[in-house]
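What follows is the content of input27.cif (mmCIF, C-alpha atoms).
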```cif
data_query
loop_
_atom_site.label_atom_id
_atom_site.label_comp_id
_atom_site.auth_asym_id
_atom_site.auth_seq_id
_atom_site.Cartn_x
_atom_site.Cartn_y
_atom_site.Cartn_z
CA MET A 1 -177.02 80.22 27.41
CA ASP A 2 -175.24 77.89 25.06
CA GLU A 3 -171.71 79.16 24.38
CA ALA A 4 -170.33 76.15 22.54
CA TYR A 5 -168.66 78.42 19.96
CA VAL A 6 -167.67 81.25 22.31
CA ASP A 7 -163.97 81.02 21.50
CA PHE A 8 -164.75 82.14 17.94
CA ALA A 9 -167.10 84.94 18.96
CA GLU A 10 -166.64 88.62 19.69
CA GLU A 11 -168.85 88.57 22.79
CA ASN A 12 -169.92 86.22 25.53
CA ALA A 13 -172.43 86.09 28.37
CA LEU A 14 -170.10 85.13 31.20
CA ALA A 15 -170.61 88.45 33.01
CA LEU A 16 -174.37 87.90 32.92
CA ALA A 17 -174.01 84.46 34.49
CA LEU A 18 -171.86 85.92 37.24
CA LYS A 19 -174.24 88.83 37.84
CA TYR A 20 -177.73 87.32 37.61
CA PRO A 21 -178.86 84.34 39.68
CA HIS A 22 -181.11 82.98 36.91
CA VAL A 23 -178.50 82.90 34.11
CA LEU A 24 -176.48 79.79 33.37
CA VAL A 25 -173.74 79.63 30.71
CA ALA A 26 -172.87 76.27 29.20
CA ARG A 27 -169.51 75.81 27.50
CA THR A 28 -167.77 72.84 25.96
CA PHE A 29 -164.31 71.61 25.06
CA SER A 30 -165.82 69.95 21.98
CA LYS A 31 -165.51 72.74 19.44
CA ALA A 32 -162.51 75.01 19.94
CA TYR A 33 -160.45 72.45 21.85
CA SER A 34 -161.25 69.52 19.52
CA LEU A 35 -162.42 67.19 22.28
CA CYS A 36 -165.78 66.33 20.73
CA PHE A 37 -165.52 62.61 21.50
CA GLN A 38 -164.75 63.29 25.16
CA ARG A 39 -167.99 65.19 25.84
CA VAL A 40 -166.40 67.55 28.35
CA GLY A 41 -168.16 70.76 29.26
CA TYR A 42 -168.85 73.06 32.14
CA LEU A 43 -171.42 75.47 33.48
CA VAL A 44 -170.99 78.90 34.99
CA GLY A 45 -173.73 80.39 37.10
CA HIS A 46 -175.05 81.24 40.51
CA PRO A 47 -173.96 78.75 43.21
CA LYS A 48 -177.61 77.80 43.90
CA LEU A 49 -178.16 76.87 40.24
CA ILE A 50 -174.95 74.85 40.16
CA ALA A 51 -175.87 73.10 43.42
CA ALA A 52 -179.30 72.17 42.03
CA LEU A 53 -177.73 70.71 38.91
CA ASP A 54 -175.12 68.89 40.98
CA LYS A 55 -177.93 67.03 42.76
CA ILE A 56 -179.13 65.47 39.50
CA ARG A 57 -175.85 64.83 37.69
CA ASP A 58 -174.45 61.37 37.27
CA SER A 59 -171.64 60.67 39.71
CA TYR A 60 -169.22 59.82 36.87
CA ASN A 61 -170.43 62.17 34.17
CA VAL A 62 -166.92 62.84 32.77
CA ASN A 63 -164.53 59.94 32.37
CA GLY A 64 -160.90 60.08 33.44
CA LEU A 65 -159.51 60.41 29.92
CA GLY A 66 -161.84 63.34 29.25
CA GLN A 67 -160.68 65.05 32.43
CA ILE A 68 -157.02 64.58 31.51
CA ALA A 69 -157.63 65.87 27.98
CA ALA A 70 -159.48 68.96 29.25
CA LEU A 71 -156.71 69.72 31.74
CA ALA A 72 -154.09 69.34 29.00
CA THR A 73 -155.87 71.99 26.91
CA LEU A 74 -156.02 74.33 29.89
CA ASN A 75 -152.28 73.86 30.38
CA ASP A 76 -151.61 75.08 26.84
CA LEU A 77 -154.05 77.98 26.47
CA ALA A 78 -151.55 80.07 24.51
CA TYR A 79 -151.55 77.48 21.71
CA TYR A 80 -155.35 77.27 21.63
CA ARG A 81 -155.88 81.03 21.76
CA ALA A 82 -153.49 81.46 18.82
CA ASN A 83 -155.43 78.76 16.98
CA PHE A 84 -158.77 80.52 17.68
CA LYS A 85 -157.35 83.69 16.12
CA LYS A 86 -156.11 81.76 13.09
CA ILE A 87 -159.56 80.22 12.58
CA ILE A 88 -161.25 83.62 12.92
CA ARG A 89 -158.83 85.15 10.38
CA THR A 90 -159.43 82.28 7.97
CA ARG A 91 -163.20 82.62 8.44
CA GLU A 92 -163.02 86.34 7.64
CA GLU A 93 -160.81 85.76 4.58
CA LEU A 94 -163.06 83.00 3.31
CA THR A 95 -166.09 85.26 3.69
CA ARG A 96 -164.31 88.00 1.71
CA ASP A 97 -163.25 85.55 -1.00
CA LEU A 98 -166.61 83.79 -1.45
CA SER A 99 -168.84 86.87 -1.49
CA PRO A 100 -167.57 88.26 -4.84
CA LEU A 101 -168.22 84.84 -6.40
CA GLY A 102 -171.92 85.24 -5.65
CA PHE A 103 -172.08 83.30 -2.40
CA ARG A 104 -174.41 84.77 0.19
CA VAL A 105 -172.34 84.32 3.34
CA PHE A 106 -174.19 84.72 6.62
CA PRO A 107 -172.44 86.41 9.54
CA SER A 108 -170.70 83.85 11.73
CA GLN A 109 -169.29 83.78 15.24
CA THR A 110 -168.43 80.08 14.98
CA ASN A 111 -165.86 77.85 13.30
CA PHE A 112 -168.06 77.43 10.23
CA LEU A 113 -169.88 79.46 7.60
CA LEU A 114 -173.43 79.04 6.38
CA VAL A 115 -173.58 80.03 2.73
CA HIS A 116 -176.14 80.17 -0.05
CA PRO A 117 -174.16 79.21 -3.15
CA PRO A 118 -174.70 80.80 -6.56
CA LYS A 119 -175.55 79.32 -9.95
CA PHE A 120 -176.91 75.89 -8.97
CA PRO A 121 -178.47 74.14 -5.95
CA ALA A 122 -176.47 73.51 -2.78
CA LYS A 123 -176.83 69.75 -3.20
CA ASP A 124 -175.08 70.02 -6.58
CA TRP A 125 -172.32 72.12 -5.02
CA LEU A 126 -171.82 69.38 -2.43
CA ARG A 127 -171.31 66.77 -5.16
CA LYS A 128 -169.14 68.98 -7.39
CA LEU A 129 -166.89 69.98 -4.49
CA ARG A 130 -166.59 66.38 -3.30
CA ASP A 131 -165.51 65.41 -6.79
CA GLN A 132 -162.57 67.77 -6.17
CA LYS A 133 -161.88 66.28 -2.71
CA ILE A 134 -163.33 69.30 -0.91
CA LEU A 135 -165.71 68.46 1.91
CA VAL A 136 -168.59 70.69 2.91
CA ARG A 137 -171.87 69.78 4.56
CA TRP A 138 -175.36 69.86 3.13
CA PHE A 139 -178.52 69.05 5.07
CA ASN A 140 -181.66 67.80 3.36
CA GLN A 141 -183.97 69.71 5.67
CA PRO A 142 -186.48 72.26 4.35
CA ALA A 143 -185.09 75.23 6.30
CA VAL A 144 -181.48 74.71 5.19
CA ARG A 145 -181.46 72.61 1.99
CA ASP A 146 -180.48 75.67 -0.07
CA TYR A 147 -177.33 76.23 1.99
CA LEU A 148 -173.92 74.71 2.62
CA ARG A 149 -172.12 74.53 5.95
CA ILE A 150 -168.41 75.13 5.48
CA THR A 151 -166.18 74.24 8.41
CA ILE A 152 -163.19 76.55 8.75
CA GLY A 153 -160.07 74.50 8.24
CA THR A 154 -156.56 75.60 7.42
CA PRO A 155 -155.82 78.57 5.14
CA THR A 156 -154.62 76.06 2.52
CA GLU A 157 -157.97 74.24 2.65
CA ALA A 158 -159.87 77.52 2.43
CA ASN A 159 -157.81 78.55 -0.61
CA ALA A 160 -158.54 75.21 -2.29
CA LEU A 161 -162.25 75.76 -1.71
CA VAL A 162 -162.10 79.25 -3.22
CA ARG A 163 -160.16 77.99 -6.27
CA ALA A 164 -162.71 75.21 -6.82
CA ALA A 165 -165.62 77.63 -6.36
CA LYS A 166 -164.12 80.02 -8.92
CA GLN A 167 -163.86 77.20 -11.44
CA LEU A 168 -167.43 76.09 -10.81
CA VAL A 169 -168.84 79.61 -11.06
CA GLU A 170 -167.02 80.23 -14.34
#
```
Kindly return the structure encoded in the file as structure tokens.
Amino acid sequence: MDEAYVDFAEENALALALKYPHVLVARTFSKAYSLCFQRVGYLVGHPKLIAALDKIRDSYNVNGLGQIAALATLNDLAYYRANFKKIIRTREELTRDLSPLGFRVFPSQTNFLLVHPPKFPAKDWLRKLRDQKILVRWFNQPAVRDYLRITIGTPTEANALVRAAKQLVE
């Protein structure tokens, strides 16, 4: 099970990986710990599954800098856990603020929101928000071209997005 965003979620599957020999949980330091360029992750599962994977892994699959960075995050878990809570609070507030403006905000257990914006196409929202120095993501793929992906930043950034959205809706 992929738990890349687990630190922003209400539940996780760790107990399943520890209980059942066929369940493997994959986690990463890329999202919540901001180590995306280090490509550091880990697996939790039955020892036989881990041993099988160990046989096929590259002998130097995580570089030294990545290892040091991951250890540094583990040595300051209080900071990161407080940050996870701040991101979750901001995500919830942003959801509450965008919904009355006509945004269809999908439930999220990550550090981003997927929203269907009101009034005009998502691609236009992307351009109009960028004109105001607000960055969101838009993907030109059939399944998601009507939506925006909004990464949860600081409360100040979220407030700026809401202010800009209010202006654009009016």
Using only C-alpha atoms, collect all residues at a distance of at most 8 Å from (-168.0, 69.8, 26.1) as written in the file, then present them as number ranges by chain.
A: 4, 27-31, 35-36, 38-42
Would you translate the PyMOL selection byres ((chain A and resi 104) around 12) into the concrete set of residues it matches in this file, as a PDB file with C-alpha atoms, in the frame of the given file?
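Heads up, here's the output in expr-v5.pdb:
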```
ATOM      1  CA  LEU A  94    -163.060  83.000   3.310  1.00  0.00           C
ATOM      2  CA  THR A  95    -166.090  85.260   3.690  1.00  0.00           C
ATOM      3  CA  ARG A  96    -164.310  88.000   1.710  1.00  0.00           C
ATOM      4  CA  ASP A  97    -163.250  85.550  -1.000  1.00  0.00           C
ATOM      5  CA  LEU A  98    -166.610  83.790  -1.450  1.00  0.00           C
ATOM      6  CA  SER A  99    -168.840  86.870  -1.490  1.00  0.00           C
ATOM      7  CA  PRO A 100    -167.570  88.260  -4.840  1.00  0.00           C
ATOM      8  CA  LEU A 101    -168.220  84.840  -6.400  1.00  0.00           C
ATOM      9  CA  GLY A 102    -171.920  85.240  -5.650  1.00  0.00           C
ATOM     10  CA  PHE A 103    -172.080  83.300  -2.400  1.00  0.00           C
ATOM     11  CA  VAL A 105    -172.340  84.320   3.340  1.00  0.00           C
ATOM     12  CA  PHE A 106    -174.190  84.720   6.620  1.00  0.00           C
ATOM     13  CA  PRO A 107    -172.440  86.410   9.540  1.00  0.00           C
ATOM     14  CA  LEU A 113    -169.880  79.460   7.600  1.00  0.00           C
ATOM     15  CA  LEU A 114    -173.430  79.040   6.380  1.00  0.00           C
ATOM     16  CA  VAL A 115    -173.580  80.030   2.730  1.00  0.00           C
ATOM     17  CA  HIS A 116    -176.140  80.170  -0.050  1.00  0.00           C
ATOM     18  CA  PRO A 117    -174.160  79.210  -3.150  1.00  0.00           C
ATOM     19  CA  PRO A 118    -174.700  80.800  -6.560  1.00  0.00           C
ATOM     20  CA  LYS A 119    -175.550  79.320  -9.950  1.00  0.00           C
ATOM     21  CA  ALA A 122    -176.470  73.510  -2.780  1.00  0.00           C
ATOM     22  CA  ASP A 146    -180.480  75.670  -0.070  1.00  0.00           C
ATOM     23  CA  TYR A 147    -177.330  76.230   1.990  1.00  0.00           C
ATOM     24  CA  LEU A 148    -173.920  74.710   2.620  1.00  0.00           C
ATOM     25  CA  ARG A 149    -172.120  74.530   5.950  1.00  0.00           C
TER      26      ARG A 149
END
```
So, with all atoms listed in the file as the atoms that count, which of A:Leu161, A:Leu77, A:Ala26, A:Leu14 lies closest to Asp131 (chain A)?
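Result for the nearest residue to Asp131 (chain A): A:Leu161.
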What does the distance from CA of Val144 (chain A) to CA of Ala158 (chain A) come to in Å, to one decimal?
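Separation between CA of Val144 (chain A) and CA of Ala158 (chain A): 22.0 Å.
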Please check which residues have atoms at most 12 Å from (-174.9, 80.6, 24.8) in the file's coordinates, counting only C-alpha atoms, and write them as a list in words.
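The requested residues, written out, are Met1, Asp2, Glu3, Ala4, Tyr5, Val6, Asp7, Ala9, Glu11, Asn12, Ala13, Leu14, Leu16, Ala17, Val23, Leu24, Val25, Ala26, Arg27, Thr28, Leu43, Val44, Gln109 and Thr110 of chain A.
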Nearest to Val169 (chain A) among A:Lys128, A:Lys86, A:Arg57, A:Lys48, with distances taken over only C-alpha atoms: which residue is it?
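Going through A:Lys128, A:Lys86, A:Arg57, A:Lys48 one by one, the smallest distance to Val169 (chain A) is for A:Lys128.
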